[in-house]
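Novice: File follows, final-v8.cif with mmCIF, C-alpha atoms:
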data_target
#
loop_
_atom_site.label_atom_id
_atom_site.label_comp_id
_atom_site.auth_asym_id
_atom_site.auth_seq_id
_atom_site.Cartn_x
_atom_site.Cartn_y
_atom_site.Cartn_z
CA MET A 1 -41.66 78.04 101.47
CA ILE A 2 -40.87 75.33 104.01
CA GLU A 3 -38.90 76.61 106.97
CA PRO A 4 -35.48 74.98 106.59
CA SER A 5 -34.15 74.84 110.11
CA ARG A 6 -35.13 75.06 113.74
CA SER A 7 -32.77 77.93 114.54
CA ASP A 8 -30.62 78.57 111.50
CA ALA A 9 -31.92 79.51 108.05
CA SER A 10 -28.83 78.09 106.39
CA THR A 11 -29.48 74.86 104.48
CA THR A 12 -26.08 74.42 102.91
CA ALA A 13 -23.93 73.70 105.92
CA GLY A 14 -23.74 69.97 105.28
CA PHE A 15 -24.40 69.38 108.99
CA ALA A 16 -21.33 71.42 109.95
CA SER A 17 -23.57 73.88 111.79
CA GLY A 18 -25.05 71.08 113.87
CA GLU A 19 -28.52 71.97 112.64
CA LEU A 20 -30.99 69.80 110.81
CA PRO A 21 -33.82 71.18 108.70
CA ARG A 22 -37.15 71.05 110.50
CA PHE A 23 -38.62 68.79 107.81
CA GLY A 24 -37.13 66.28 105.42
CA MET A 25 -38.11 63.71 102.82
CA GLY A 26 -38.01 59.99 103.50
CA THR A 27 -37.22 58.02 100.38
CA ALA A 28 -38.75 54.57 100.93
CA ALA A 29 -41.54 55.50 98.49
CA ILE A 30 -39.10 56.20 95.66
CA GLY A 31 -37.68 52.76 96.44
CA ASN A 32 -41.09 51.36 95.40
CA LEU A 33 -42.49 50.72 98.89
CA TYR A 34 -45.94 49.16 98.37
CA ARG A 35 -46.19 50.43 94.78
CA ALA A 36 -43.91 50.77 91.79
CA ILE A 37 -43.19 54.25 90.46
CA ARG A 38 -41.19 55.30 87.42
CA ASP A 39 -37.69 56.75 87.52
CA THR A 40 -39.11 60.00 86.15
CA THR A 41 -41.66 60.18 88.96
CA ALA A 42 -38.91 59.67 91.53
CA GLU A 43 -36.85 62.47 90.01
CA GLU A 44 -39.87 64.78 89.83
CA THR A 45 -40.57 64.12 93.52
CA VAL A 46 -37.04 65.05 94.58
CA ALA A 47 -37.08 68.13 92.35
CA ALA A 48 -40.43 69.25 93.76
CA ALA A 49 -39.13 68.74 97.31
CA ILE A 50 -36.08 70.92 96.64
CA ALA A 51 -38.26 73.59 95.00
CA ALA A 52 -40.54 73.56 98.04
CA GLY A 53 -37.61 74.15 100.39
CA LEU A 54 -36.99 70.60 101.57
CA ARG A 55 -33.21 70.23 101.76
CA TYR A 56 -32.84 67.00 103.74
CA PHE A 57 -33.25 63.50 102.30
CA ASP A 58 -33.09 60.28 104.32
CA THR A 59 -32.47 57.02 102.54
CA ALA A 60 -31.10 53.49 103.11
CA PRO A 61 -29.80 50.51 101.14
CA HIS A 62 -32.88 48.59 102.31
CA TYR A 63 -35.29 50.89 100.47
CA GLY A 64 -35.83 49.06 97.22
CA PHE A 65 -32.51 47.23 97.80
CA GLY A 66 -30.48 50.11 96.46
CA LEU A 67 -33.17 51.58 94.23
CA ALA A 68 -33.99 54.56 96.48
CA GLU A 69 -30.33 55.51 96.89
CA ARG A 70 -29.72 55.14 93.18
CA ARG A 71 -32.72 57.29 92.24
CA LEU A 72 -31.92 59.89 94.91
CA GLY A 73 -28.32 60.12 93.74
CA ALA A 74 -29.37 60.66 90.12
CA ALA A 75 -31.94 63.31 91.08
CA LEU A 76 -29.57 65.23 93.35
CA ALA A 77 -26.85 65.19 90.69
CA ARG A 78 -29.25 67.01 88.40
CA HIS A 79 -31.12 69.27 90.84
CA ASP A 80 -28.51 69.86 93.55
CA PRO A 81 -25.19 69.79 91.68
CA ALA A 82 -23.46 71.86 94.39
CA GLY A 83 -24.27 69.18 96.99
CA SER A 84 -25.99 71.64 99.34
CA CYS A 85 -28.71 69.23 100.44
CA VAL A 86 -28.31 67.21 103.64
CA VAL A 87 -28.34 63.43 103.10
CA SER A 88 -28.50 60.59 105.57
CA THR A 89 -28.19 56.91 104.80
CA LYS A 90 -27.80 53.74 106.81
CA VAL A 91 -25.64 50.70 107.44
CA GLY A 92 -26.41 47.28 108.89
CA ARG A 93 -27.47 45.45 105.74
CA LEU A 94 -25.40 44.26 102.79
CA LEU A 95 -26.98 43.74 99.38
CA THR A 96 -26.25 40.54 97.47
CA PRO A 97 -27.47 39.75 93.94
CA THR A 98 -30.65 37.69 93.63
CA ALA A 99 -32.83 36.31 90.88
CA ALA A 100 -35.96 36.90 92.99
CA ARG A 101 -38.56 39.23 91.55
CA GLY A 102 -41.93 40.67 92.52
CA THR A 103 -42.81 42.14 95.89
CA ARG A 104 -40.16 41.51 98.55
CA HIS A 105 -40.13 42.99 102.06
CA GLY A 106 -42.89 45.35 100.92
CA PHE A 107 -40.93 46.71 97.94
CA VAL A 108 -42.42 46.21 94.47
CA ASP A 109 -40.19 45.51 91.45
CA ALA A 110 -37.11 46.66 93.35
CA ASP A 111 -33.49 46.23 92.29
CA PRO A 112 -32.27 42.60 92.02
CA PHE A 113 -30.55 42.34 95.40
CA GLU A 114 -31.34 40.66 98.70
CA PRO A 115 -30.56 42.37 102.02
CA THR A 116 -28.56 40.53 104.67
CA PHE A 117 -27.93 41.94 108.14
CA ASP A 118 -24.30 42.73 108.93
CA TYR A 119 -23.40 45.14 111.74
CA GLY A 120 -19.72 44.23 111.86
CA ALA A 121 -16.91 46.64 111.06
CA ASP A 122 -16.24 45.25 107.58
CA GLY A 123 -19.94 45.12 106.80
CA VAL A 124 -20.39 48.76 107.80
CA ARG A 125 -17.48 49.90 105.63
CA ARG A 126 -18.66 47.89 102.62
CA SER A 127 -22.24 49.11 102.99
CA PHE A 128 -21.10 52.72 103.25
CA ASP A 129 -18.87 52.49 100.17
CA ALA A 130 -21.70 50.96 98.15
CA SER A 131 -24.08 53.70 99.30
CA LEU A 132 -21.66 56.44 98.25
CA ALA A 133 -21.45 54.90 94.79
CA ARG A 134 -25.24 54.76 94.40
CA LEU A 135 -25.66 58.28 95.81
CA ARG A 136 -22.86 59.68 93.61
CA ARG A 137 -21.39 61.45 96.65
CA GLU A 138 -18.05 61.54 98.42
CA ARG A 139 -19.59 61.89 101.88
CA VAL A 140 -22.90 61.85 103.71
CA ASP A 141 -24.05 64.16 106.46
CA VAL A 142 -25.55 61.52 108.75
CA LEU A 143 -24.83 57.78 108.94
CA LEU A 144 -27.22 55.59 110.92
CA ALA A 145 -27.11 51.96 112.01
CA HIS A 146 -30.39 50.60 110.70
CA ASP A 147 -32.98 48.46 112.51
CA LEU A 148 -31.14 47.26 115.58
CA GLY A 149 -33.49 45.99 118.29
CA ALA A 150 -35.01 42.96 119.94
CA VAL A 151 -38.35 43.25 118.13
CA THR A 152 -36.61 43.24 114.75
CA HIS A 153 -34.08 40.49 115.47
CA GLY A 154 -35.78 38.35 118.13
CA ASP A 155 -33.47 35.66 119.45
CA ASP A 156 -30.64 37.01 117.27
CA HIS A 157 -30.72 40.44 118.88
CA ALA A 158 -27.84 39.83 121.31
CA ARG A 159 -25.52 38.66 118.53
CA GLN A 160 -26.39 41.51 116.19
CA LEU A 161 -25.93 44.07 118.95
CA ARG A 162 -22.61 42.52 119.92
CA ASP A 163 -21.42 42.73 116.31
CA PHE A 164 -22.32 46.41 116.27
CA LEU A 165 -20.72 47.27 119.60
CA ASP A 166 -17.60 45.20 118.94
CA GLY A 167 -16.99 46.47 115.41
CA GLY A 168 -19.64 48.40 113.51
CA TYR A 169 -19.85 51.31 115.91
CA ALA A 170 -16.08 51.88 115.87
CA ALA A 171 -16.14 51.77 112.07
CA MET A 172 -18.79 54.50 112.04
CA VAL A 173 -16.73 56.61 114.45
CA ALA A 174 -13.72 56.20 112.17
CA LEU A 175 -15.74 57.36 109.16
CA ARG A 176 -16.81 60.43 111.08
CA GLU A 177 -13.24 61.16 112.15
CA ALA A 178 -12.11 60.78 108.53
CA GLY A 179 -14.57 63.51 107.54
CA VAL A 180 -16.63 61.40 105.16
CA VAL A 181 -19.54 61.34 107.62
CA GLY A 182 -20.83 64.37 109.51
CA ALA A 183 -22.67 62.65 112.36
CA ILE A 184 -23.44 59.09 113.45
CA GLY A 185 -26.34 57.43 115.17
CA ILE A 186 -29.08 54.86 114.76
CA GLY A 187 -32.24 54.61 112.68
CA VAL A 188 -34.77 52.34 114.43
CA ASN A 189 -38.42 51.70 115.25
CA GLU A 190 -37.90 50.58 118.85
CA VAL A 191 -37.53 52.72 121.97
CA ALA A 192 -35.74 50.12 124.08
CA ILE A 193 -32.69 49.83 121.81
CA CYS A 194 -32.23 53.60 121.95
CA ASP A 195 -31.97 53.53 125.74
CA GLU A 196 -29.76 50.45 125.60
CA LEU A 197 -27.27 52.09 123.26
CA LEU A 198 -27.33 55.45 125.04
CA ASP A 199 -26.24 53.56 128.15
CA ARG A 200 -23.20 52.20 126.29
CA VAL A 201 -21.97 54.51 123.51
CA PRO A 202 -22.21 58.20 122.53
CA LEU A 203 -24.63 58.97 119.69
CA ASP A 204 -24.93 62.23 117.76
CA VAL A 205 -28.43 61.59 116.49
CA ILE A 206 -31.30 59.11 116.69
CA LEU A 207 -33.82 58.60 113.91
CA LEU A 208 -36.86 57.02 115.55
CA ALA A 209 -39.85 56.00 113.44
CA GLY A 210 -43.42 55.70 114.63
CA ARG A 211 -42.87 56.04 118.37
CA TYR A 212 -43.67 59.72 118.89
CA THR A 213 -46.91 60.44 117.09
CA LEU A 214 -50.47 61.40 117.85
CA LEU A 215 -51.25 57.69 118.21
CA ASP A 216 -48.06 56.47 119.90
CA ARG A 217 -46.18 58.64 122.38
CA SER A 218 -44.11 55.83 123.85
CA ALA A 219 -40.84 57.67 123.16
CA ALA A 220 -41.65 60.65 125.42
CA ALA A 221 -39.29 59.61 128.22
CA LEU A 222 -36.55 58.80 125.70
CA LEU A 223 -36.91 62.24 124.14
CA ASP A 224 -36.54 63.82 127.57
CA ARG A 225 -33.31 61.87 128.00
CA CYS A 226 -32.03 62.87 124.55
CA HIS A 227 -32.76 66.53 125.28
CA ALA A 228 -30.83 66.31 128.56
CA GLN A 229 -27.87 64.61 126.85
CA GLY A 230 -27.81 66.80 123.74
CA VAL A 231 -28.69 63.98 121.33
CA ARG A 232 -30.63 65.27 118.33
CA VAL A 233 -33.73 63.30 117.35
CA ILE A 234 -35.24 62.88 113.91
CA ILE A 235 -38.81 61.60 113.94
CA GLY A 236 -39.89 59.36 111.10
CA GLY A 237 -43.26 57.73 110.64
CA ALA A 238 -45.22 60.70 111.97
CA TYR A 239 -48.22 59.33 110.07
CA ASN A 240 -47.69 55.83 111.59
CA SER A 241 -47.28 54.28 108.12
CA GLY A 242 -50.32 56.06 106.69
CA ILE A 243 -53.25 55.99 109.09
CA LEU A 244 -52.67 59.65 110.04
CA ALA A 245 -51.86 60.79 106.49
CA ARG A 246 -55.48 61.35 105.44
CA ASP A 247 -58.54 62.68 107.21
CA PRO A 248 -61.17 59.99 107.79
CA ALA A 249 -63.61 62.08 105.75
CA ASP A 250 -61.33 61.61 102.74
CA ALA A 251 -60.10 58.05 103.29
CA ASP A 252 -61.32 55.31 105.61
CA PRO A 253 -58.57 54.75 108.23
CA ALA A 254 -59.57 51.08 108.38
CA THR A 255 -58.06 50.68 104.90
CA ALA A 256 -54.79 52.42 105.86
CA ARG A 257 -51.69 50.96 107.50
CA TYR A 258 -50.50 51.36 111.07
CA ASP A 259 -46.88 50.31 111.63
CA TYR A 260 -46.89 48.63 108.20
CA ALA A 261 -49.94 46.46 109.00
CA ALA A 262 -53.73 46.70 109.10
CA PRO A 263 -54.92 48.79 112.07
CA SER A 264 -57.07 47.41 114.88
CA ASP A 265 -60.63 48.61 115.39
CA GLU A 266 -59.45 50.47 118.50
CA LEU A 267 -56.80 52.37 116.51
CA VAL A 268 -59.32 53.24 113.81
CA ALA A 269 -61.68 54.61 116.47
CA ARG A 270 -58.88 56.64 118.09
CA THR A 271 -57.93 58.05 114.69
CA ARG A 272 -61.49 59.18 114.04
CA THR A 273 -61.62 60.84 117.47
CA LEU A 274 -58.35 62.66 116.83
CA ALA A 275 -59.61 63.88 113.47
CA ALA A 276 -62.86 65.15 114.97
CA THR A 277 -60.92 67.08 117.63
CA CYS A 278 -58.66 68.60 114.97
CA ALA A 279 -61.69 69.63 112.92
CA THR A 280 -63.18 71.57 115.84
CA HIS A 281 -59.99 73.68 115.82
CA GLY A 282 -59.97 74.16 112.05
CA VAL A 283 -56.95 71.90 111.46
CA SER A 284 -56.66 68.73 109.40
CA LEU A 285 -55.49 65.53 111.09
CA PRO A 286 -52.41 65.21 108.82
CA ALA A 287 -51.34 68.80 109.56
CA ALA A 288 -51.51 68.15 113.29
CA ALA A 289 -49.74 64.80 112.90
CA ILE A 290 -46.75 66.20 110.99
CA GLN A 291 -46.33 69.20 113.29
CA PHE A 292 -46.84 67.41 116.62
CA PRO A 293 -43.34 65.86 117.07
CA LEU A 294 -41.60 69.24 116.84
CA ARG A 295 -43.30 70.32 120.05
CA HIS A 296 -40.67 68.33 121.97
CA PRO A 297 -37.37 70.25 122.30
CA ALA A 298 -35.29 67.14 121.53
CA VAL A 299 -36.83 66.79 118.08
CA ALA A 300 -34.78 68.57 115.42
CA CYS A 301 -36.51 67.25 112.31
CA VAL A 302 -39.58 65.36 111.12
CA LEU A 303 -39.45 63.17 108.01
CA ALA A 304 -42.33 62.55 105.63
CA GLY A 305 -42.25 59.78 103.05
CA LEU A 306 -42.99 61.26 99.63
CA GLY A 307 -43.67 59.43 96.39
CA ASP A 308 -44.85 62.10 93.95
CA ALA A 309 -45.06 65.85 93.49
CA SER A 310 -48.64 66.03 94.79
CA GLU A 311 -47.51 64.58 98.12
CA VAL A 312 -44.83 67.28 98.29
CA ALA A 313 -47.53 69.91 97.79
CA ASP A 314 -49.67 68.30 100.50
CA LEU A 315 -46.75 68.33 102.92
CA ARG A 316 -45.99 71.97 102.24
CA GLU A 317 -49.61 72.92 102.93
CA ARG A 318 -49.70 70.87 106.14
CA ILE A 319 -46.54 72.27 107.68
CA GLU A 320 -47.56 75.83 106.83
CA THR A 321 -50.98 75.40 108.47
CA PRO A 322 -51.27 77.48 111.66
CA VAL A 323 -52.15 75.20 114.58
CA PRO A 324 -53.78 76.89 117.60
CA ASP A 325 -52.12 76.12 120.91
CA ALA A 326 -55.45 74.98 122.32
CA LEU A 327 -55.48 71.97 119.99
CA TRP A 328 -52.59 70.11 121.62
CA PRO A 329 -54.09 69.61 125.08
CA ALA A 330 -57.43 68.80 123.43
CA LEU A 331 -55.76 65.98 121.48
CA ARG A 332 -54.62 64.41 124.73
CA GLY A 333 -58.29 64.22 125.61
CA ARG A 334 -59.85 62.69 128.67
CA ALA A 335 -59.14 58.99 128.45
CA GLN A 336 -61.35 56.41 130.08
CA GLN A 337 -60.11 55.03 133.38
CA GLN A 338 -57.67 52.30 132.44
CA LEU A 339 -55.94 51.60 135.76
CA ILE A 340 -57.15 51.16 139.32
CA LEU A 341 -55.20 51.19 142.58
CA LEU A 342 -56.43 48.41 144.85
CA HIS A 343 -54.64 49.56 148.01
CA PRO A 344 -52.69 52.74 148.88
CA ASP A 345 -49.59 50.66 149.72
CA ASP A 346 -49.54 48.91 146.32
CA ASN A 347 -46.63 49.51 143.95
CA VAL A 348 -48.62 48.17 140.98
CA MET A 349 -51.93 49.16 139.44
CA ILE A 350 -54.38 46.90 137.62
CA CYS A 351 -55.45 47.37 134.00
CA VAL A 352 -59.26 47.56 133.79
CA ALA A 353 -59.54 48.80 130.18
CA PRO A 354 -57.25 48.03 127.22
CA ILE A 355 -54.11 50.15 127.03
CA ALA A 356 -52.45 51.05 123.74
CA ALA A 357 -48.83 52.10 123.28
CA GLY A 358 -48.61 55.83 123.90
CA ASP A 359 -51.63 56.10 126.21
CA LEU A 360 -50.83 58.35 129.16
CA LEU A 361 -50.76 56.36 132.41
CA PRO A 362 -50.92 57.84 135.93
CA VAL A 363 -47.86 56.80 137.91
CA SER A 364 -46.10 58.08 140.99
CA GLY A 365 -44.98 61.64 140.26
CA GLY A 366 -47.15 62.31 137.21
CA THR A 367 -47.98 60.54 133.94
CA ILE A 368 -45.95 58.48 131.48
CA PRO A 369 -46.79 57.06 128.04
CA ALA A 370 -47.38 53.30 127.91
CA ARG A 371 -44.49 51.57 126.12
CA GLU A 372 -46.71 48.78 124.78
CA GLY A 373 -50.29 47.60 124.63
CA VAL A 374 -51.56 45.95 127.81
CA THR A 375 -54.65 43.77 128.15
CA VAL A 376 -57.23 43.86 130.94
CA GLY A 377 -56.24 42.25 134.24
CA HIS A 378 -52.50 42.80 134.06
CA LYS A 379 -50.28 44.79 136.39
CA ILE A 380 -48.52 48.09 135.66
CA ALA A 381 -45.63 49.37 137.79
CA ARG A 382 -46.73 52.41 139.79
CA THR A 383 -43.12 53.24 140.73
CA PRO A 384 -39.75 52.04 139.35
CA LEU A 385 -39.09 48.47 140.49
CA ARG A 386 -35.68 46.83 140.82
CA ALA A 387 -34.80 43.15 140.51
CA GLY A 388 -35.61 41.54 143.85
CA ASP A 389 -38.24 44.10 144.90
CA LYS A 390 -41.48 42.70 146.24
CA VAL A 391 -44.58 43.29 144.14
CA ILE A 392 -47.31 44.67 146.41
CA LYS A 393 -50.97 44.13 145.49
CA TYR A 394 -53.93 44.47 147.86
CA GLY A 395 -51.35 45.79 150.33
CA ALA A 396 -49.44 42.49 150.52
CA PRO A 397 -46.54 40.91 148.59
CA ILE A 398 -47.60 38.61 145.78
CA GLY A 399 -44.25 38.06 144.08
CA SER A 400 -40.83 39.53 143.42
CA MET A 401 -39.17 41.13 140.43
CA THR A 402 -36.65 39.14 138.42
CA ASP A 403 -35.84 42.15 136.20
CA ALA A 404 -36.16 45.89 136.65
CA ALA A 405 -39.30 47.65 135.41
CA GLY A 406 -39.79 51.38 135.00
CA ALA A 407 -42.86 53.25 136.16
CA GLY A 408 -45.67 52.55 133.70
CA GLN A 409 -44.16 49.28 132.48
CA TRP A 410 -46.10 46.03 132.24
CA VAL A 411 -45.23 43.70 135.14
CA HIS A 412 -45.83 40.13 134.03
CA MET A 413 -44.13 36.77 134.07
CA HIS A 414 -41.07 37.77 132.07
CA ASN A 415 -39.95 40.16 134.82
CA MET A 416 -41.67 38.77 137.92
CA LYS A 417 -41.83 35.46 139.77
CA SER A 418 -44.80 34.47 141.91
CA ASP A 419 -44.08 33.54 145.53
CA TYR A 420 -47.52 33.68 147.01
CA ILE A 421 -47.86 33.31 150.77
CA ALA A 422 -51.57 32.54 150.53
CA SER A 423 -54.41 32.29 148.05
CA HIS A 424 -54.32 35.46 145.95
CA THR A 425 -57.71 36.99 146.73
CA ARG A 426 -58.87 40.22 148.26
CA SER A 427 -60.66 38.39 151.09
CA THR A 428 -57.61 36.32 152.02
CA VAL A 429 -55.34 39.35 152.18
CA THR A 430 -57.93 41.33 154.13
CA GLU A 431 -58.25 38.50 156.66
CA GLN A 432 -54.44 38.31 157.04
CA ARG A 433 -54.21 42.06 157.65
CA ALA A 434 -56.99 41.87 160.23
#
Reformat the file's structure so that it appears as structure tokens.
Specialist:
Amino acid sequence: MIEPSRSDASTTAGFASGELPRFGMGTAAIGNLYRAIRDTTAEETVAAAIAAGLRYFDTAPHYGFGLAERRLGAALARHDPAGSCVVSTKVGRLLTPTAARGTRHGFVDADPFEPTFDYGADGVRRSFDASLARLRRERVDVLLAHDLGAVTHGDDHARQLRDFLDGGYAAMVALREAGVVGAIGIGVNEVAICDELLDRVPLDVILLAGRYTLLDRSAAALLDRCHAQGVRVIIGGAYNSGILARDPADADPATARYDYAAPSDELVARTRTLAATCATHGVSLPAAAIQFPLRHPAVACVLAGLGDASEVADLRERIETPVPDALWPALRGRAQQQLILLHPDDNVMICVAPIAAGDLLPVSGGTIPAREGVTVGHKIARTPLRAGDKVIKYGAPIGSMTDAAGAGQWVHMHNMKSDYIASHTRSTVTEQRA
């Protein structure tokens, strides 16, 4: 039986206890993500999850444009009539009728609606009411603002964030105060927006997908902050969209997805290396992947997307697999040298081998996961840099910061301006110092 909670065996508290089950089911698959499934299959999946001890289900209007919520609501009405299971859903998109058919936004033969972003107060209330109707519930345990962030919204990020801070957030607080929501937070794929919002508003919980996994540990510093502030974290995407869901011996990782897209050759190679390390400790790669996030004390729950009863059985086996403590440091491995320090006075290091998001980088005071991929020849902050600070390379200033950069962050033209005092070469600087 799946262990229901980190520190409390109760699974019927409806979030009143402040505890989340250690594992939960993500419902994008029963919203027909990447492949169409039947209504009966969706119901069988939810029923199998409940029978296996999974008592937490995360969903969203975006998943199948209402289809996942509708199917989840029907299945819970039949298999959890007392409403003991924990449910989270999301706001930030409104669904409008459409005549479009086929595959849209990755969902196959979904319900006939089109999602439109709306983080305003009225949009949040309307989205929530529609979700309750589809879920056949009078309340939800967790309500999350879905997919805020600069990567998602690009040039429209500032406006969408302003709509949320000026209206949508207060509407979520009001729903919580009215008792129809147990906790509020955000459900995102981006680390930066989590820090940005934690600087500005209180959050009960963060659902972060894909950023704290065996392949991408870029959320490590954020998780430390959440632990210090008492913000509970739910990790989604522990398999990074599929590449970690099967051992390479069973399925070629080159044919899987990483962050919803085809993986690079470097990611495929890293996946094979991780799997080989797991095998030497008698553990499958998927078992290590699903258990890894819970090693951080900020992480309350890990979600797994499930689309049929066999995937429920696989999950149960993986989370019940004993993992020896010696595996975790072995998975960190001994990475090739990726950064060099050109001069002891430098506050930046130079990338000499490709860096992937999540790679551990040596910085002043220890190591930190890379927030993003960095190509050879670029600079990485060795210490935190403030706007206006001089960038020191070869022991001499080569430019100044226009924006702040944390230790381990890429220093390039978007946060630095060049103000060279001489030709930028080692010999020139050496001659000047002489």
Novice: Using all atoms listed in the file, find the one residue out of A:Pro21, A:Leu72, A:Ala48, A:Asp345 that sits nearest to Asp314 (chain A).
Specialist: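 Closest residue, counting all atoms listed in the file: A:Ala48.
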Novice: So which residues touch Cys194 (chain A) within 12 Å, counting all atoms listed in the file, skipping near sequence neighbours fewer than 6 positions away, as a list in words?
Specialist: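 Those residues are Ala145, His146, Asp147, Leu148, Gly149, Ala150, Leu161, Gly185, Ile186, Gly187, Val188, Arg200, Val201, Pro202, Leu203, Val205, Ile206, Leu207, Leu208, Ala209, Arg211, Ala219, Ala221, Leu222, Leu223, Arg225, Cys226, Val231 and Val233 of chain A.
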Novice: I'd like to see the residues matched by the PyMOL selection byres ((chain A and resi 381-383) around 8) on this file, and ideally I'd get them as JSON, numbers by chain.
Specialist: {"A": [346, 347, 348, 349, 362, 363, 364, 379, 380, 384, 385, 405, 406, 407, 408, 409, 410, 411]}
Novice: List the spatial neighbours of region 99-111 of chain A as a VMD selection string - criterion: any atom at most 8 Å away, all atoms listed in the file, same-chain residues fewer than 3 positions off excluded.
Specialist: chain A and resid 31 to 36 63 to 67
Novice: Within 6 Å of region 82-89 of chain A, counting only C-alpha atoms, which residues show up once you throw out same-chain ones fewer than 4 positions away? Write them as a PyMOL selection string, please.
Specialist: chain A and resi 12+14+55-60+140-143
Novice: When you count only C-alpha atoms, which of these residues is closest to Val46 (chain A): A:Glu196, A:Asp156, A:Glu311, A:Asp247?
Specialist: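 Under the stated criterion, the closest residue is A:Glu311.
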Novice: Please, which residues are within 8 Å of (-33.9, 56.8, 89.4) by the file's coordinates, counting all atoms listed in the file, and could they come as a short mmCIF file (atom, residue, chain, number, x, y, z; two decimals) with C-alpha atoms, in the coordinates of the input?
Specialist:
data_model
loop_
_atom_site.label_atom_id
_atom_site.label_comp_id
_atom_site.auth_asym_id
_atom_site.auth_seq_id
_atom_site.Cartn_x
_atom_site.Cartn_y
_atom_site.Cartn_z
CA ARG A 38 -41.19 55.30 87.42
CA ASP A 39 -37.69 56.75 87.52
CA THR A 40 -39.11 60.00 86.15
CA ALA A 42 -38.91 59.67 91.53
CA GLU A 43 -36.85 62.47 90.01
CA LEU A 67 -33.17 51.58 94.23
CA ALA A 68 -33.99 54.56 96.48
CA ARG A 70 -29.72 55.14 93.18
CA ARG A 71 -32.72 57.29 92.24
CA LEU A 72 -31.92 59.89 94.91
CA GLY A 73 -28.32 60.12 93.74
CA ALA A 74 -29.37 60.66 90.12
CA ALA A 75 -31.94 63.31 91.08
#
Novice: List as a list in words the residues having at least one atom at most 9 Å from position (-47.8, 63.3, 105.6) as given in the file, counting all atoms listed in the file.
Specialist: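 The distance filter leaves exactly Gly237, Ala238, Tyr239, Gly242, Leu244, Ala245, Arg246, Pro286, Ala287, Ala289, Ile290, Leu303, Ala304, Gly305, Leu306, Glu311, Val312, Asp314, Leu315 and Arg318 of chain A.
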Novice: Translate the PyMOL selection byres ((chain A and resi 116-123) around 8), as applied to the file shown, into an explicit residue set as a PDB file with C-alpha atoms, keeping the file's coordinate frame.
Specialist:
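As written to disk, result.pdb reads:
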ATOM      1  CA  VAL A  91     -25.640  50.700 107.440  1.00  0.00           C
ATOM      2  CA  GLY A  92     -26.410  47.280 108.890  1.00  0.00           C
ATOM      3  CA  ARG A  93     -27.470  45.450 105.740  1.00  0.00           C
ATOM      4  CA  LEU A  94     -25.400  44.260 102.790  1.00  0.00           C
ATOM      5  CA  LEU A  95     -26.980  43.740  99.380  1.00  0.00           C
ATOM      6  CA  THR A  96     -26.250  40.540  97.470  1.00  0.00           C
ATOM      7  CA  GLU A 114     -31.340  40.660  98.700  1.00  0.00           C
ATOM      8  CA  PRO A 115     -30.560  42.370 102.020  1.00  0.00           C
ATOM      9  CA  VAL A 124     -20.390  48.760 107.800  1.00  0.00           C
ATOM     10  CA  ARG A 125     -17.480  49.900 105.630  1.00  0.00           C
ATOM     11  CA  ARG A 126     -18.660  47.890 102.620  1.00  0.00           C
ATOM     12  CA  SER A 127     -22.240  49.110 102.990  1.00  0.00           C
ATOM     13  CA  ALA A 145     -27.110  51.960 112.010  1.00  0.00           C
ATOM     14  CA  GLN A 160     -26.390  41.510 116.190  1.00  0.00           C
ATOM     15  CA  LEU A 161     -25.930  44.070 118.950  1.00  0.00           C
ATOM     16  CA  ASP A 163     -21.420  42.730 116.310  1.00  0.00           C
ATOM     17  CA  PHE A 164     -22.320  46.410 116.270  1.00  0.00           C
ATOM     18  CA  ASP A 166     -17.600  45.200 118.940  1.00  0.00           C
ATOM     19  CA  GLY A 167     -16.990  46.470 115.410  1.00  0.00           C
ATOM     20  CA  GLY A 168     -19.640  48.400 113.510  1.00  0.00           C
ATOM     21  CA  TYR A 169     -19.850  51.310 115.910  1.00  0.00           C
ATOM     22  CA  ALA A 170     -16.080  51.880 115.870  1.00  0.00           C
ATOM     23  CA  ALA A 171     -16.140  51.770 112.070  1.00  0.00           C
TER      24      ALA A 171
END
Novice: For Pro297 (chain A), which residue among A:Gly282, A:Ala330, A:Arg22, A:Leu132 is the nearest when counting only C-alpha atoms?
Specialist: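 Of A:Gly282, A:Ala330, A:Arg22, A:Leu132, the one nearest Pro297 (chain A), counting only C-alpha atoms, is A:Arg22.
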Novice: Write out as a list in words which residues come within 12 Å of Ser264 (chain A) when counting all atoms listed in the file, dropping same-chain ones fewer than 6 positions away.
Specialist: Ile243, Pro253, Ala254, Thr255, Ala256, Arg257, Tyr258, Arg270, Thr271, Ala356 and Gly373 of chain A
Novice: Residues of the last selection are to be written out with C-alpha atoms, as a PDB file, in the coordinates of the input.
Specialist:
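Listed below is the output, out.pdb:
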ATOM      1  CA  ILE A 243     -53.250  55.990 109.090  1.00  0.00           C
ATOM      2  CA  PRO A 253     -58.570  54.750 108.230  1.00  0.00           C
ATOM      3  CA  ALA A 254     -59.570  51.080 108.380  1.00  0.00           C
ATOM      4  CA  THR A 255     -58.060  50.680 104.900  1.00  0.00           C
ATOM      5  CA  ALA A 256     -54.790  52.420 105.860  1.00  0.00           C
ATOM      6  CA  ARG A 257     -51.690  50.960 107.500  1.00  0.00           C
ATOM      7  CA  TYR A 258     -50.500  51.360 111.070  1.00  0.00           C
ATOM      8  CA  ARG A 270     -58.880  56.640 118.090  1.00  0.00           C
ATOM      9  CA  THR A 271     -57.930  58.050 114.690  1.00  0.00           C
ATOM     10  CA  ALA A 356     -52.450  51.050 123.740  1.00  0.00           C
ATOM     11  CA  GLY A 373     -50.290  47.600 124.630  1.00  0.00           C
TER      12      GLY A 373
END
